[in-house]
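**Student:** I'd like to ask some things about the structure below.
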2 protein chains.
Amino acid sequence: MESLDVLGKNYVREDGKEIVAGSGCFVDDLSPVGVLYGAVVRAGRPHARILNVDTSKASRAKGVACVLTAEDVPNNAYGPVFQDQPVLCGEKVRYEGDPIAALCADSWEAAEAAARLIRVDYEDLPAVTSAEEAIRPGSALVHESHPTGNIVKEGRVIRGDVAAGFAEADIIVENRYISRGQEHAAIETHICMAEVDPAGTLTVHVSSQTPFRIRGDLSKVLGLPITRVRVLSSTSGGAFGGKHEIMLESLASLCALRTRRPVKFRMSREEEFTTSSIRHTFTMDYKFGVKRDGKITAAEIKLLVDGGAYCSAGPGVVTKGALMGPGPYRIDNIQADFTLTYTNNGNAGAVRGFGATQTCYACERHMDLIARRLNMDPLELRSRNAMETGDPAHSGDPITSCGFVETLEKATQAVNWDAIGRGAKSACGTKRMGRGLAGMIYPTAGFGRGGPTAAFARVNEDATLTVITGTTDVGQGANVILRQIAAEELGIAFENVHIINGDTSISPFDPGSTGSRISHLAGKAVQAAVEKVKTQLLEKAAGMIEADAEDLDIRSEEVFVKGAPDRRISLKEVALACHKAAELVLSEATCHSTDLVVDANYQGKAFECYVFATQCAEVEVDVETGEYRVLQLSAAHDVGKAVNPMNVEGQIEGGSSMGYGLGLTEIIQMKDGMVQNPDFANYLLPTTIDSPERLIPIIVEAAEPRGPFGVKAVAEPAVNPTAPAVVNAICDAIGAEITDLPATPEAVLQAIRNGS
Amino acid sequence: MESLDVLGKNYVREDGKEIVAGSGCFVDDLSPVGVLYGAVVRAGRPHARILNVDTSKASRAKGVACVLTAEDVPNNAYGPVFQDQPVLCGEKVRYEGDPIAALCADSWEAAEAAARLIRVDYEDLPAVTSAEEAIRPGSALVHESHPTGNIVKEGRVIRGDVAAGFAEADIIVENRYISRGQEHAAIETHICMAEVDPAGTLTVHVSSQTPFRIRGDLSKVLGLPITRVRVLSSTSGGAFGGKHEIMLESLASLCALRTRRPVKFRMSREEEFTTSSIRHTFTMDYKFGVKRDGKITAAEIKLLVDGGAYCSAGPGVVTKGALMGPGPYRIDNIQADFTLTYTNNGNAGAVRGFGATQTCYACERHMDLIARRLNMDPLELRSRNAMETGDPAHSGDPITSCGFVETLEKATQAVNWDAIGRGAKSACGTKRMGRGLAGMIYPTAGFGRGGPTAAFARVNEDATLTVITGTTDVGQGANVILRQIAAEELGIAFENVHIINGDTSISPFDPGSTGSRISHLAGKAVQAAVEKVKTQLLEKAAGMIEADAEDLDIRSEEVFVKGAPDRRISLKEVALACHKAAELVLSEATCHSTDLVVDANYQGKAFECYVFATQCAEVEVDVETGEYRVLQLSAAHDVGKAVNPMNVEGQIEGGSSMGYGLGLTEIIQMKDGMVQNPDFANYLLPTTIDSPERLIPIIVEAAEPRGPFGVKAVAEPAVNPTAPAVVNAICDAIGAEITDLPATPEAVLQAIRNGS
């Protein structure tokens with residue numbers, strides 16, 4: 001690739017300081033005159049029929065402006081796949097966070113006090129509290145009208161002939177792994193503010209990854225045309241997959257439409273735990289056939305998934321989990337079954353990693369189990385099976401760029417793999433050293449999320465560039481990335497590009513910051529739009545310096561003849577000439593992946609392209625207490641092309657921390673469908689104290705031909721390999737197998753006791 | 001033209017009630033936390049050298065946040081033609097409103113008190129107080145460095161051979177007419193608020209016709225890239241040509257950049273009179289050669305124009321005045337000279353009608369003078385010379401649509417021309433009846449204002465349409481008009497179109513709501529953009545109902561086969577199908593008049609197209625007191641196509657009222673360059689009491705082939721024919737000539753005395 005001026009360099013995000021300091025303008029900072037504050041009455045029980053809702057006292061309470069129940073919702077059902085979730089429950093509640101009534105009042109306190117005056121009479125129903133129970137004949141039904149009972153969706157990925165593959169194998173290794181619920185744990189809880197202008201247009205200020213989905217769902221639920229619903233994304237205090245539903249937005253909007261005053265709703269931290277979505281619990285049966293030399297001949301996977309009370313994004317989660325289930329390994333014979341169930345266990349939904357986090361854990365633990373059975377170095381086993389460019393993905397489509405082998409090499413070199421975690425385990429008698437690694441494959445922009453994304457580009461009369469997209473920066477750095485891509489493409493300074501987004505009325509539709517699609521797909525749309533304005537400018541410049549437009553290029557804000565760089569003109573002059581000639585330098589480009597399609601076996605082209613990673617951990621475990629320290633963690637990620645290396649490293653660090661939490665510290669304690677620890681005192685997020693003592697982010701760049709400047713993705717999948725890498729290292733240290741998550745010190749101690 | 005569903009019907013403007021009631025969100029209603037309030041120290045003398053500015057006391061005054069003088073302005077000069085106007089004066093002041101210092105403080109009161117503490121030492125200079133004085137040799141120079149002294153610009157329109165034309169004439173009629181300064185008199189005075197975000201981007205909330213000019217000028221004056229300047233147009237409380245300069249915006253921006261707090265500046269009503277721009281005073285010598293049968297053979301016009309202290313839009317004003325000077329009459333030999341001067345008489349600039357108001361007055365008074373000399377009915381004289389479609393305009397370009405004759409007929413029929421103002425003058429002894437009429441030609445979207453305008457169109461997944469333009473609705477109804485054009489073009493309901501504008505960061509460049517360009521040119525851009533999305537939808541629909549896209553059309557939100565209207569599909573289904581297929585229905589269209597170009601004689605194609613009008617008045621004058629009443633006023637305007645007849649009528653009524661003020665009540669009393677009556681108690685705006693007792697707006701539609709659906713313009717030129725029509729009627733009643741404006745009762749009485 002030719003040398004680049006802006007791409008691959010570190011630019012500081014303009015909003016970075018304000019976001020970190022909390023001084024940016026978040027939704028909670030909006031305080032228009034006359035704003036009302038909302039409160040929600042929630043079920044507080046896992047499964048019950050609603051007999052009666054009495055709001056009379058609340059309606060008369062001091063400061064209350066309006067009270068809503070199910071009958072106030074024009075179209076009371078929503079959901080991205082099935083419309084199975086009510087805005088307000090009228091007939092029954094299906095998990096403890098289900099909302100029955102909502103109201104708004106002059107203050108948060110008045111709203112909460114009034115909410116306590118609402119009386120709901122229930123008839124409790126038996127709760128379905130696990131996926132196993134959900135599929136057991138005779139279990140209570142979570143959705144009586146769902147045609148397949150408590151089974152939301154079943155499916156099977158088939159590639160090759162798994163029976164033949166097992167027949168070929170020397171050994172067959174089987175085990176069960178469990179990955180459990182996890183909170184998104186964004187610092188900013190769910191929040192929104194709705195207001196209605198005199199013409200009746202609803203404006204909703206949200207902290208969301210998917211303002212256009214919010215707009216579409218609100219339009220349906222409220223029965224308003226889309227042109228009457230404007231969604232503005234404010235600065236986000238974190239999303240991680242958890243902010244794309246209209247849980248509060250529809251309530252605030254209904255209140256605002258009724259009262260004609262601005263209305264704000266927000267979740268308490270407790271509501272975040274009991275109400276908003278969590279990561280799906282996966283029970284994963286892995287069975288691999290392997291030759292003595294380590295070659296994997298067959299993989300049979302069975303996923304049983306606790307989908308919680310509503311479908312949400314569940315079908316996508318389990319499908320992606322299944323398709324990524326066999327890991328970054330060339331396996332010709334695959335069968336991966338999945339069963340997604342309804343339960344009364346909270347509200348499972350999209351979380352960073354989206355199903356592949358769970359199967360990455362199972363697969364990479366399973367690879368270590370196989371290595372141990374073969375008495376083979378886990379690195380060696382992975383290297384022998386590693387996918388390479390041109391290999392088929394598990395959906396059969398050829399992988400167009402694969403840096404997995406390089407991530408294996410670099411991640412292990414960084415921690416000095418051959419020397420760590422071996423031999424004498426430590427100076428101290430109770431401490432044991434261990435090493436572990438985990439590979440990863442993850443798709444960018446898959447089916448249903450492949451597109452479309454569009455961008456408008458405008459060159460202003462002073463040769464600065466404005467780009468409008470529908471993408472949302474939820475903290476991952478989308479804006480700085482798209483700005484760098486635009487600046488590089490046009491040949492101008494980073495500072496001279498302005499990205500506009502965050503308002504559904506002004507930008508074209510975009511599916512949102514989901515599915516690892518922004519840098520790659522939105523980047524491609526931005527590049528295409530900028531390429532068009534560049535062509536316009538080159539044509540103008542050609543007339544000004546008497547050259548052919550095809551012979552010209554732009555760099556450092558100058559247009560020059562490629563063969564004779566002394567013949568040049570400043571881009572400012574060209575832009576001004578266009579302006580004076582009344583020629584607007586404008587363009588529009590849409591990008592979508594029309595070729596994404598799979599058959600009944602999930603074979604075809606399922607995703608735009610794939611990223612790969614290897615993370616590698618060294619741990620020290622106290623075998624008397626089960627406590628451990630991660631001494632070092634290397635994380636080598638193939639991102640295609642690092643647009644902003646500092647940002648890539650930041651995402652690797654953040655993702656690893658979230659993966660660490662999933663693997664080692666975070667547990668939602670459920671009892672009969674009720675969360676027992678809905679606060680950060682009892683739900684343990686990893687802190688800087690828990691972090692690996694040495695964290696080494698490593699960028700690998702296997703340029704993607706489909707990507708803009710080779711760009712693929714990084715932010716979302718950085719979460720995936722950490723849990724298996726660290727748990728593998730702990731298992732190595734203790735010489736015993738841990739299969740369930742998280743691997744808390746108590747679990748480690750239990751494993752030592754079971755294993756020895 | 002085929003039948004229309006949305007165009008030509010009356011739709012109420014959604015913001016209408018709020019604007020009229022003052023309850024909309026105007027700039028003055030914005031009150032962010034920490035806002036500062038500005039005050040400006042102005043010259044208070046017409047012409048002086050600045051010796052010293054002492055801001056030390058003001059800087060220390062209670063509540064003052066920042067004080068600015070000339071040296072704080074990065075690039076201290078601006079202006080649309082010549083950059084001759086300083087943001088803050090450093091060396092000299094050239095009119096009484098010239099600003100020397102500005103400051104901001106915690107309250108309006110604190111700011112005003114601190115401003116009084118600033119001491120400026122001056123050396124007064126002789127003031128140039130008329131255009132005649134300006135061009136007199138030896139006069140003081142307003143701008144010492146201007147290459148042609150006090151002459152800003154001179155020019156001559158030449159068509160045919162004026163000497164030959166006069167030779168052909170039977171009689172030659174000469175006279176001098178004067179049209180004087182007029183206030184825009186918007187109810188909302190000039191106001192703005194600037195704020196700076198943490199990344200350093202300046203956002204300026206304005207009430208302006210030309211947010212993009214504000215943005216460009218601020219960018220230059222502040223030395224900021226355009227991408228760092230965002231201009232938001234709030235609801236406007238009126239503009240009328242007077243809101244396109246950065247008089248306050250640059251001061252508020254400099255204060256905001258320095259203090260990092262929001263800063264608001266506004267003009268008092270007194271500042272509106274002494275500081276903001278006014279209509280140019282024209283002294284107009286008219287000489288027409290005429291045959292006995294009324295045929296005009298030659299027109300020689302000399303315009304001497306008082307341009308005030310700064311150039312502003314003056315060159316455009318005088319050129320348009322000259323080109324419209326011979327009126328809506330086919331005259332083959334024309335010479336129109338103009339001289340624009342610098343004086344110390346306030347600040348002349350763009351006002352509704354833009355030079356043509358003045359020459360329309362002179363021309364139409366002159367036509368009556370000729371009719372009287374020929375003893376011919378003024379209607380007959382005009383009819384014999386009336387322009388028709390295909391005739392050349394005074395710039396030589398063929399007129400592509402001309403409804404002038406129809407306006408003559410309809411306006412005169414409406415008041416029963418033949419029967420009024422004649423014979424016995426009234427029952428009462430001192431009352432005399434009179435009748436008068438005036439024709440008009442006015443261009444839409446001329447040179448320098450011909451373009452460009454662009455529009456983005458987006459069809460949402462529910463088949464509603466969003467249109468983004470850079471146009472601004474300053475109360476004239478631009479938004480409702482563009483919405484109707486978009487709805488008609490796509491074949492959907494008015495309610496399902498959303499117009500987005502008013503933010504320079506989100507929409508493409510637009511020159512602003514000036515030059516009668518919005519309905520025609522922006523309408524054309526909107527139509528073109530919508531046509532493109534319609535094509536996309538028809539192509540999709542063609543696949544869905546198995547037809548050729550060319551055979552399809554859309555009406556009432558349904559796509560149908562033109563030859564077989566039963567074969568149809570709802571547009572909602574088509575839009576949703578596009579959405580599900582990830583095909584964004586988006587387009588962009590630019591509209592600009594590249595063919596507008598004139599030679600040194602101002603011959604060529606100067607304007608997009610022309611509108612025409614006739615207004616016709618019946619008056620009753622008390623010849624003892626000079627008092628008069630307008631009994632009826634008909635106003636027939638050829639608008640091409642009336643998009644929203646109610647809105648057209650509203651603009652005719654409003655324009656006539658402003659024209660009435662110019663002609664009859666409004667006078668800026670100047671003494672030595674200083675305004676003597678800077679308030680509405682002494683500057684008399686016409687009220688409902690002054691209005692014609694019967695005002696008859698009449699719509700004439702000579703469809704313009706270049707326009708969208710035939711649309712031309714109406715709002716701006718509606719001001720032009722009223723003053724001459726009413727003054728002609730008064731002159732008819734009193735049998736004497738009035739040449740100077742306004743024709744107050746005192747002036748009428750004087751004319752009676754002089755004439756009798």
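To be explicit about the labels: the chains of the structure tokens are called A, B, and onward in the order shown, and within each one the residues are counted from 1, while ligands get numbers from 1 in the order they are shown.
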Taking only C-alpha atoms into account and nothing else, which residues of chain A lie no more than 9 Å away from chain B? Please answer as an mmCIF file with N, CA and C atoms, in the first residue's frame.

**Tutor:**
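Printed below is result08.cif as written:
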```cif
data_model
loop_
_atom_site.group_PDB
_atom_site.id
_atom_site.type_symbol
_atom_site.label_atom_id
_atom_site.label_comp_id
_atom_site.auth_asym_id
_atom_site.auth_seq_id
_atom_site.Cartn_x
_atom_site.Cartn_y
_atom_site.Cartn_z
ATOM 1 N N GLU A 14 -11.621 14.620 20.046
ATOM 2 C CA GLU A 14 -11.922 15.949 20.578
ATOM 3 C C GLU A 14 -12.813 15.897 21.810
ATOM 4 N N ASP A 15 -13.657 14.861 21.865
ATOM 5 C CA ASP A 15 -14.584 14.775 22.981
ATOM 6 C C ASP A 15 -14.052 13.872 24.093
ATOM 7 N N GLU A 18 -13.833 15.287 27.801
ATOM 8 C CA GLU A 18 -15.154 15.556 28.377
ATOM 9 C C GLU A 18 -15.872 14.253 28.722
ATOM 10 N N GLY A 24 -18.922 16.269 29.498
ATOM 11 C CA GLY A 24 -19.609 16.451 28.221
ATOM 12 C C GLY A 24 -21.095 16.631 28.445
ATOM 13 N N PRO A 198 -44.393 22.455 18.729
ATOM 14 C CA PRO A 198 -45.780 22.868 18.504
ATOM 15 C C PRO A 198 -46.420 22.183 17.304
ATOM 16 N N ALA A 199 -45.603 21.802 16.307
ATOM 17 C CA ALA A 199 -46.169 21.139 15.129
ATOM 18 C C ALA A 199 -46.444 19.669 15.386
ATOM 19 N N GLY A 200 -46.074 19.175 16.575
ATOM 20 C CA GLY A 200 -46.362 17.784 16.898
ATOM 21 C C GLY A 200 -45.212 16.835 16.616
ATOM 22 N N GLY A 216 -37.463 3.992 14.307
ATOM 23 C CA GLY A 216 -38.397 3.087 13.644
ATOM 24 C C GLY A 216 -39.343 2.433 14.639
ATOM 25 N N PRO A 225 -45.847 8.832 11.808
ATOM 26 C CA PRO A 225 -44.950 8.691 10.659
ATOM 27 C C PRO A 225 -43.504 8.986 11.076
ATOM 28 N N ILE A 226 -42.581 8.386 10.368
ATOM 29 C CA ILE A 226 -41.165 8.539 10.723
ATOM 30 C C ILE A 226 -40.736 10.000 10.689
ATOM 31 N N THR A 227 -41.324 10.774 9.792
ATOM 32 C CA THR A 227 -40.952 12.179 9.712
ATOM 33 C C THR A 227 -41.380 12.973 10.946
ATOM 34 N N ARG A 228 -42.192 12.356 11.800
ATOM 35 C CA ARG A 228 -42.614 13.043 13.026
ATOM 36 C C ARG A 228 -41.791 12.595 14.233
ATOM 37 N N GLY A 448 -28.044 -9.229 7.847
ATOM 38 C CA GLY A 448 -28.959 -8.377 8.616
ATOM 39 C C GLY A 448 -28.261 -7.153 9.169
ATOM 40 N N GLY A 450 -25.325 -6.184 7.484
ATOM 41 C CA GLY A 450 -24.359 -5.879 6.425
ATOM 42 C C GLY A 450 -24.518 -4.472 5.906
ATOM 43 N N GLY A 451 -25.632 -3.901 6.072
ATOM 44 C CA GLY A 451 -25.817 -2.555 5.541
ATOM 45 C C GLY A 451 -27.221 -2.135 5.792
ATOM 46 N N PRO A 452 -27.642 -1.080 5.214
ATOM 47 C CA PRO A 452 -26.858 -0.165 4.408
ATOM 48 C C PRO A 452 -26.312 0.989 5.246
ATOM 49 N N THR A 453 -25.273 1.580 4.765
ATOM 50 C CA THR A 453 -24.747 2.799 5.369
ATOM 51 C C THR A 453 -24.509 3.790 4.240
ATOM 52 N N ALA A 454 -24.816 5.034 4.498
ATOM 53 C CA ALA A 454 -24.593 6.043 3.469
ATOM 54 C C ALA A 454 -23.828 7.204 4.058
ATOM 55 N N ARG A 458 -19.378 17.000 1.537
ATOM 56 C CA ARG A 458 -19.473 18.369 1.020
ATOM 57 C C ARG A 458 -18.134 19.033 1.189
ATOM 58 N N ASN A 460 -16.420 22.506 1.419
ATOM 59 C CA ASN A 460 -16.798 23.896 1.622
ATOM 60 C C ASN A 460 -15.898 24.816 0.798
ATOM 61 N N GLU A 461 -16.254 26.091 0.750
ATOM 62 C CA GLU A 461 -15.538 27.008 -0.128
ATOM 63 C C GLU A 461 -14.100 27.268 0.311
ATOM 64 N N ASP A 462 -13.739 26.868 1.531
ATOM 65 C CA ASP A 462 -12.339 27.012 1.956
ATOM 66 C C ASP A 462 -11.617 25.660 1.929
ATOM 67 N N ALA A 463 -12.145 24.713 1.181
ATOM 68 C CA ALA A 463 -11.533 23.387 0.985
ATOM 69 C C ALA A 463 -11.574 22.518 2.235
ATOM 70 N N THR A 464 -12.338 22.915 3.233
ATOM 71 C CA THR A 464 -12.590 21.991 4.334
ATOM 72 C C THR A 464 -13.720 21.048 3.914
ATOM 73 N N LEU A 465 -13.805 19.930 4.610
ATOM 74 C CA LEU A 465 -14.722 18.861 4.202
ATOM 75 C C LEU A 465 -15.702 18.534 5.324
ATOM 76 N N THR A 466 -16.967 18.477 4.985
ATOM 77 C CA THR A 466 -17.994 18.061 5.935
ATOM 78 C C THR A 466 -18.558 16.724 5.470
ATOM 79 N N VAL A 467 -18.621 15.775 6.389
ATOM 80 C CA VAL A 467 -19.158 14.454 6.067
ATOM 81 C C VAL A 467 -20.332 14.180 6.999
ATOM 82 N N ILE A 468 -21.443 13.760 6.442
ATOM 83 C CA ILE A 468 -22.628 13.430 7.235
ATOM 84 C C ILE A 468 -22.894 11.933 7.127
ATOM 85 N N GLU A 495 -7.618 17.891 10.649
ATOM 86 C CA GLU A 495 -8.308 19.015 11.284
ATOM 87 C C GLU A 495 -9.362 19.628 10.370
ATOM 88 N N ASN A 496 -9.208 19.432 9.074
ATOM 89 C CA ASN A 496 -10.110 20.090 8.136
ATOM 90 C C ASN A 496 -11.309 19.235 7.728
ATOM 91 N N VAL A 497 -11.523 18.161 8.484
ATOM 92 C CA VAL A 497 -12.705 17.325 8.231
ATOM 93 C C VAL A 497 -13.648 17.445 9.425
ATOM 94 N N HIS A 498 -14.900 17.602 9.142
ATOM 95 C CA HIS A 498 -15.922 17.691 10.179
ATOM 96 C C HIS A 498 -16.915 16.555 9.944
ATOM 97 N N ILE A 500 -20.499 14.938 10.876
ATOM 98 C CA ILE A 500 -21.804 15.268 11.447
ATOM 99 C C ILE A 500 -22.617 13.982 11.533
ATOM 100 N N ASN A 501 -23.144 13.703 12.697
ATOM 101 C CA ASN A 501 -24.046 12.563 12.840
ATOM 102 C C ASN A 501 -24.880 12.763 14.090
ATOM 103 N N SER A 505 -32.861 12.939 11.723
ATOM 104 C CA SER A 505 -33.536 13.732 10.704
ATOM 105 C C SER A 505 -32.582 14.219 9.637
ATOM 106 N N ILE A 506 -31.324 14.336 9.969
ATOM 107 C CA ILE A 506 -30.422 14.955 8.993
ATOM 108 C C ILE A 506 -29.589 13.953 8.219
ATOM 109 N N SER A 507 -29.428 12.757 8.749
ATOM 110 C CA SER A 507 -28.526 11.840 8.060
ATOM 111 C C SER A 507 -29.304 10.662 7.502
ATOM 112 N N PRO A 508 -28.730 9.984 6.534
ATOM 113 C CA PRO A 508 -29.403 8.819 5.981
ATOM 114 C C PRO A 508 -29.461 7.694 6.998
ATOM 115 N N PHE A 509 -30.356 6.751 6.762
ATOM 116 C CA PHE A 509 -30.531 5.594 7.633
ATOM 117 C C PHE A 509 -29.218 4.865 7.861
ATOM 118 N N HIS A 579 -16.814 27.355 -5.864
ATOM 119 C CA HIS A 579 -17.811 28.155 -5.161
ATOM 120 C C HIS A 579 -18.209 29.370 -6.000
ATOM 121 N N LYS A 580 -17.210 30.035 -6.545
ATOM 122 C CA LYS A 580 -17.504 31.241 -7.331
ATOM 123 C C LYS A 580 -18.265 30.907 -8.603
ATOM 124 N N ALA A 581 -18.022 29.712 -9.128
ATOM 125 C CA ALA A 581 -18.742 29.296 -10.334
ATOM 126 C C ALA A 581 -20.096 28.688 -9.978
ATOM 127 N N ALA A 582 -20.486 28.799 -8.724
ATOM 128 C CA ALA A 582 -21.782 28.274 -8.264
ATOM 129 C C ALA A 582 -21.880 26.766 -8.447
ATOM 130 N N GLU A 583 -20.737 26.094 -8.447
ATOM 131 C CA GLU A 583 -20.747 24.634 -8.540
ATOM 132 C C GLU A 583 -20.566 24.058 -7.139
ATOM 133 N N LEU A 584 -21.593 23.411 -6.632
ATOM 134 C CA LEU A 584 -21.491 22.826 -5.291
ATOM 135 C C LEU A 584 -20.736 21.507 -5.385
ATOM 136 N N VAL A 585 -19.777 21.349 -4.482
ATOM 137 C CA VAL A 585 -18.990 20.116 -4.472
ATOM 138 C C VAL A 585 -19.612 19.180 -3.429
ATOM 139 N N LEU A 586 -20.482 18.324 -3.909
ATOM 140 C CA LEU A 586 -21.343 17.505 -3.055
ATOM 141 C C LEU A 586 -21.369 16.085 -3.565
ATOM 142 N N SER A 587 -21.564 15.151 -2.672
ATOM 143 C CA SER A 587 -21.768 13.793 -3.152
ATOM 144 C C SER A 587 -22.523 12.977 -2.121
ATOM 145 N N GLU A 588 -22.954 11.814 -2.568
ATOM 146 C CA GLU A 588 -23.687 10.887 -1.711
ATOM 147 C C GLU A 588 -23.248 9.497 -2.122
ATOM 148 N N THR A 590 -23.762 5.239 -0.991
ATOM 149 C CA THR A 590 -24.358 4.207 -0.146
ATOM 150 C C THR A 590 -23.496 2.968 -0.226
ATOM 151 N N CYS A 591 -23.380 2.288 0.893
ATOM 152 C CA CYS A 591 -22.604 1.071 0.919
ATOM 153 C C CYS A 591 -23.444 -0.004 1.581
ATOM 154 N N HIS A 592 -23.663 -1.093 0.902
ATOM 155 C CA HIS A 592 -24.308 -2.231 1.558
ATOM 156 C C HIS A 592 -23.846 -3.511 0.885
ATOM 157 N N SER A 593 -23.901 -4.582 1.657
ATOM 158 C CA SER A 593 -23.324 -5.835 1.207
ATOM 159 C C SER A 593 -24.425 -6.710 0.650
ATOM 160 N N THR A 594 -24.724 -6.495 -0.601
ATOM 161 C CA THR A 594 -25.842 -7.228 -1.206
ATOM 162 C C THR A 594 -25.531 -8.706 -1.364
#
```

**Student:** Among region 117-352 of chain A, which residues does DSSP mark as helix (DSSP H, G or I) when it is run on the backbone? Keep the chain and numbering as in the structure and answer as JSON, numbers by chain.

**Tutor:** {"A": [131, 132, 133, 134, 135, 162, 163, 164, 165, 166, 167, 168, 211, 212, 213, 214, 215, 216, 217, 218, 219, 220, 221, 222, 226, 227, 228, 249, 250, 251, 252, 253, 254, 255, 256, 257, 258, 259, 269, 270, 271, 272, 273, 274, 314, 315, 316, 317, 318, 319, 320, 321, 322, 323, 324]}

**Student:** Compile the contact shell of Arg60 (chain B) as a ChimeraX atom specification: residues with an atom at most 12 Å away, counting only C-alpha atoms, same-chain residues fewer than 4 positions apart removed.

**Tutor:** /B:54-56,64-67,103,105,110-111,113-115,117-118

**Student:** Please dump the current selection as a short mmCIF file (atom, residue, chain, number, x, y, z; two decimals), in the first residue's frame; keep N, CA and C atoms.

**Tutor:**
```cif
data_model
loop_
_atom_site.label_atom_id
_atom_site.label_comp_id
_atom_site.auth_asym_id
_atom_site.auth_seq_id
_atom_site.Cartn_x
_atom_site.Cartn_y
_atom_site.Cartn_z
N ASP B 54 -10.38 54.20 25.46
CA ASP B 54 -9.96 53.80 26.81
C ASP B 54 -11.03 52.87 27.40
N THR B 55 -10.67 51.59 27.48
CA THR B 55 -11.63 50.60 27.99
C THR B 55 -11.32 50.18 29.42
N SER B 56 -10.35 50.87 30.06
CA SER B 56 -9.85 50.35 31.35
C SER B 56 -10.94 50.33 32.42
N VAL B 64 -18.41 42.35 34.16
CA VAL B 64 -17.91 42.36 32.78
C VAL B 64 -16.97 41.17 32.56
N ALA B 65 -17.21 40.43 31.49
CA ALA B 65 -16.40 39.24 31.22
C ALA B 65 -15.33 39.50 30.18
N CYS B 66 -15.59 40.37 29.25
CA CYS B 66 -14.58 40.66 28.23
C CYS B 66 -14.93 41.91 27.46
N VAL B 67 -13.90 42.66 27.07
CA VAL B 67 -14.07 43.90 26.32
C VAL B 67 -13.24 43.80 25.05
N LEU B 103 -18.56 44.68 24.47
CA LEU B 103 -18.24 43.95 25.69
C LEU B 103 -19.40 43.04 26.04
N ALA B 105 -21.25 41.01 29.58
CA ALA B 105 -21.32 41.02 31.05
C ALA B 105 -22.47 40.12 31.50
N ALA B 110 -25.77 45.36 33.20
CA ALA B 110 -24.35 45.51 33.52
C ALA B 110 -23.56 45.82 32.25
N ALA B 111 -23.95 45.19 31.14
CA ALA B 111 -23.23 45.43 29.89
C ALA B 111 -23.42 46.88 29.44
N ALA B 113 -24.23 49.45 31.27
CA ALA B 113 -23.56 50.37 32.21
C ALA B 113 -22.06 50.40 31.93
N ALA B 114 -21.47 49.24 31.67
CA ALA B 114 -20.04 49.19 31.41
C ALA B 114 -19.71 49.89 30.10
N ALA B 115 -20.58 49.73 29.10
CA ALA B 115 -20.33 50.38 27.81
C ALA B 115 -20.23 51.89 27.97
N LEU B 117 -18.90 53.38 30.30
CA LEU B 117 -17.61 53.73 30.92
C LEU B 117 -16.47 53.78 29.90
N ILE B 118 -16.76 53.34 28.68
CA ILE B 118 -15.70 53.37 27.65
C ILE B 118 -15.62 54.79 27.08
#
```

**Student:** Need to verify the contact set: Val53 (chain B), 12 Å, only C-alpha atoms, exclusion of same-chain residues closer than 6 positions in sequence. Can you return it as a PyMOL selection string?

**Tutor:** chain B and resi 41-43+67-71+88-92+99-102+115+117-122

**Student:** Residues at most 9 Å from Phe338 (chain B), counting only C-alpha atoms, excluding those fewer than 4 positions away in the same chain, as a list in words?

**Tutor:**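 Close residues of Phe338 (chain B): Lys153, Glu154, Gly155, Arg156, Val157, Ile301, Lys302, Leu303, Leu304, Val305, Val318, Thr319, Gly321 and Ala322 of chain B.
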
**Student:** Within region 505-574 of chain B, find each residue whose DSSP state, derived from the backbone, is strand (DSSP E or B), and express the selection as an MDAnalysis selection string.

**Tutor:** chainID B and resid 552:555 558:561 564:570

**Student:** Could you state the separation of CA of Glu531 (chain A) and CA of Gly491 (chain A) in Å, given to one decimal place?

**Tutor:**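 Computing the Euclidean distance for CA of Glu531 (chain A) and CA of Gly491 (chain A) yields 10.4 Å.
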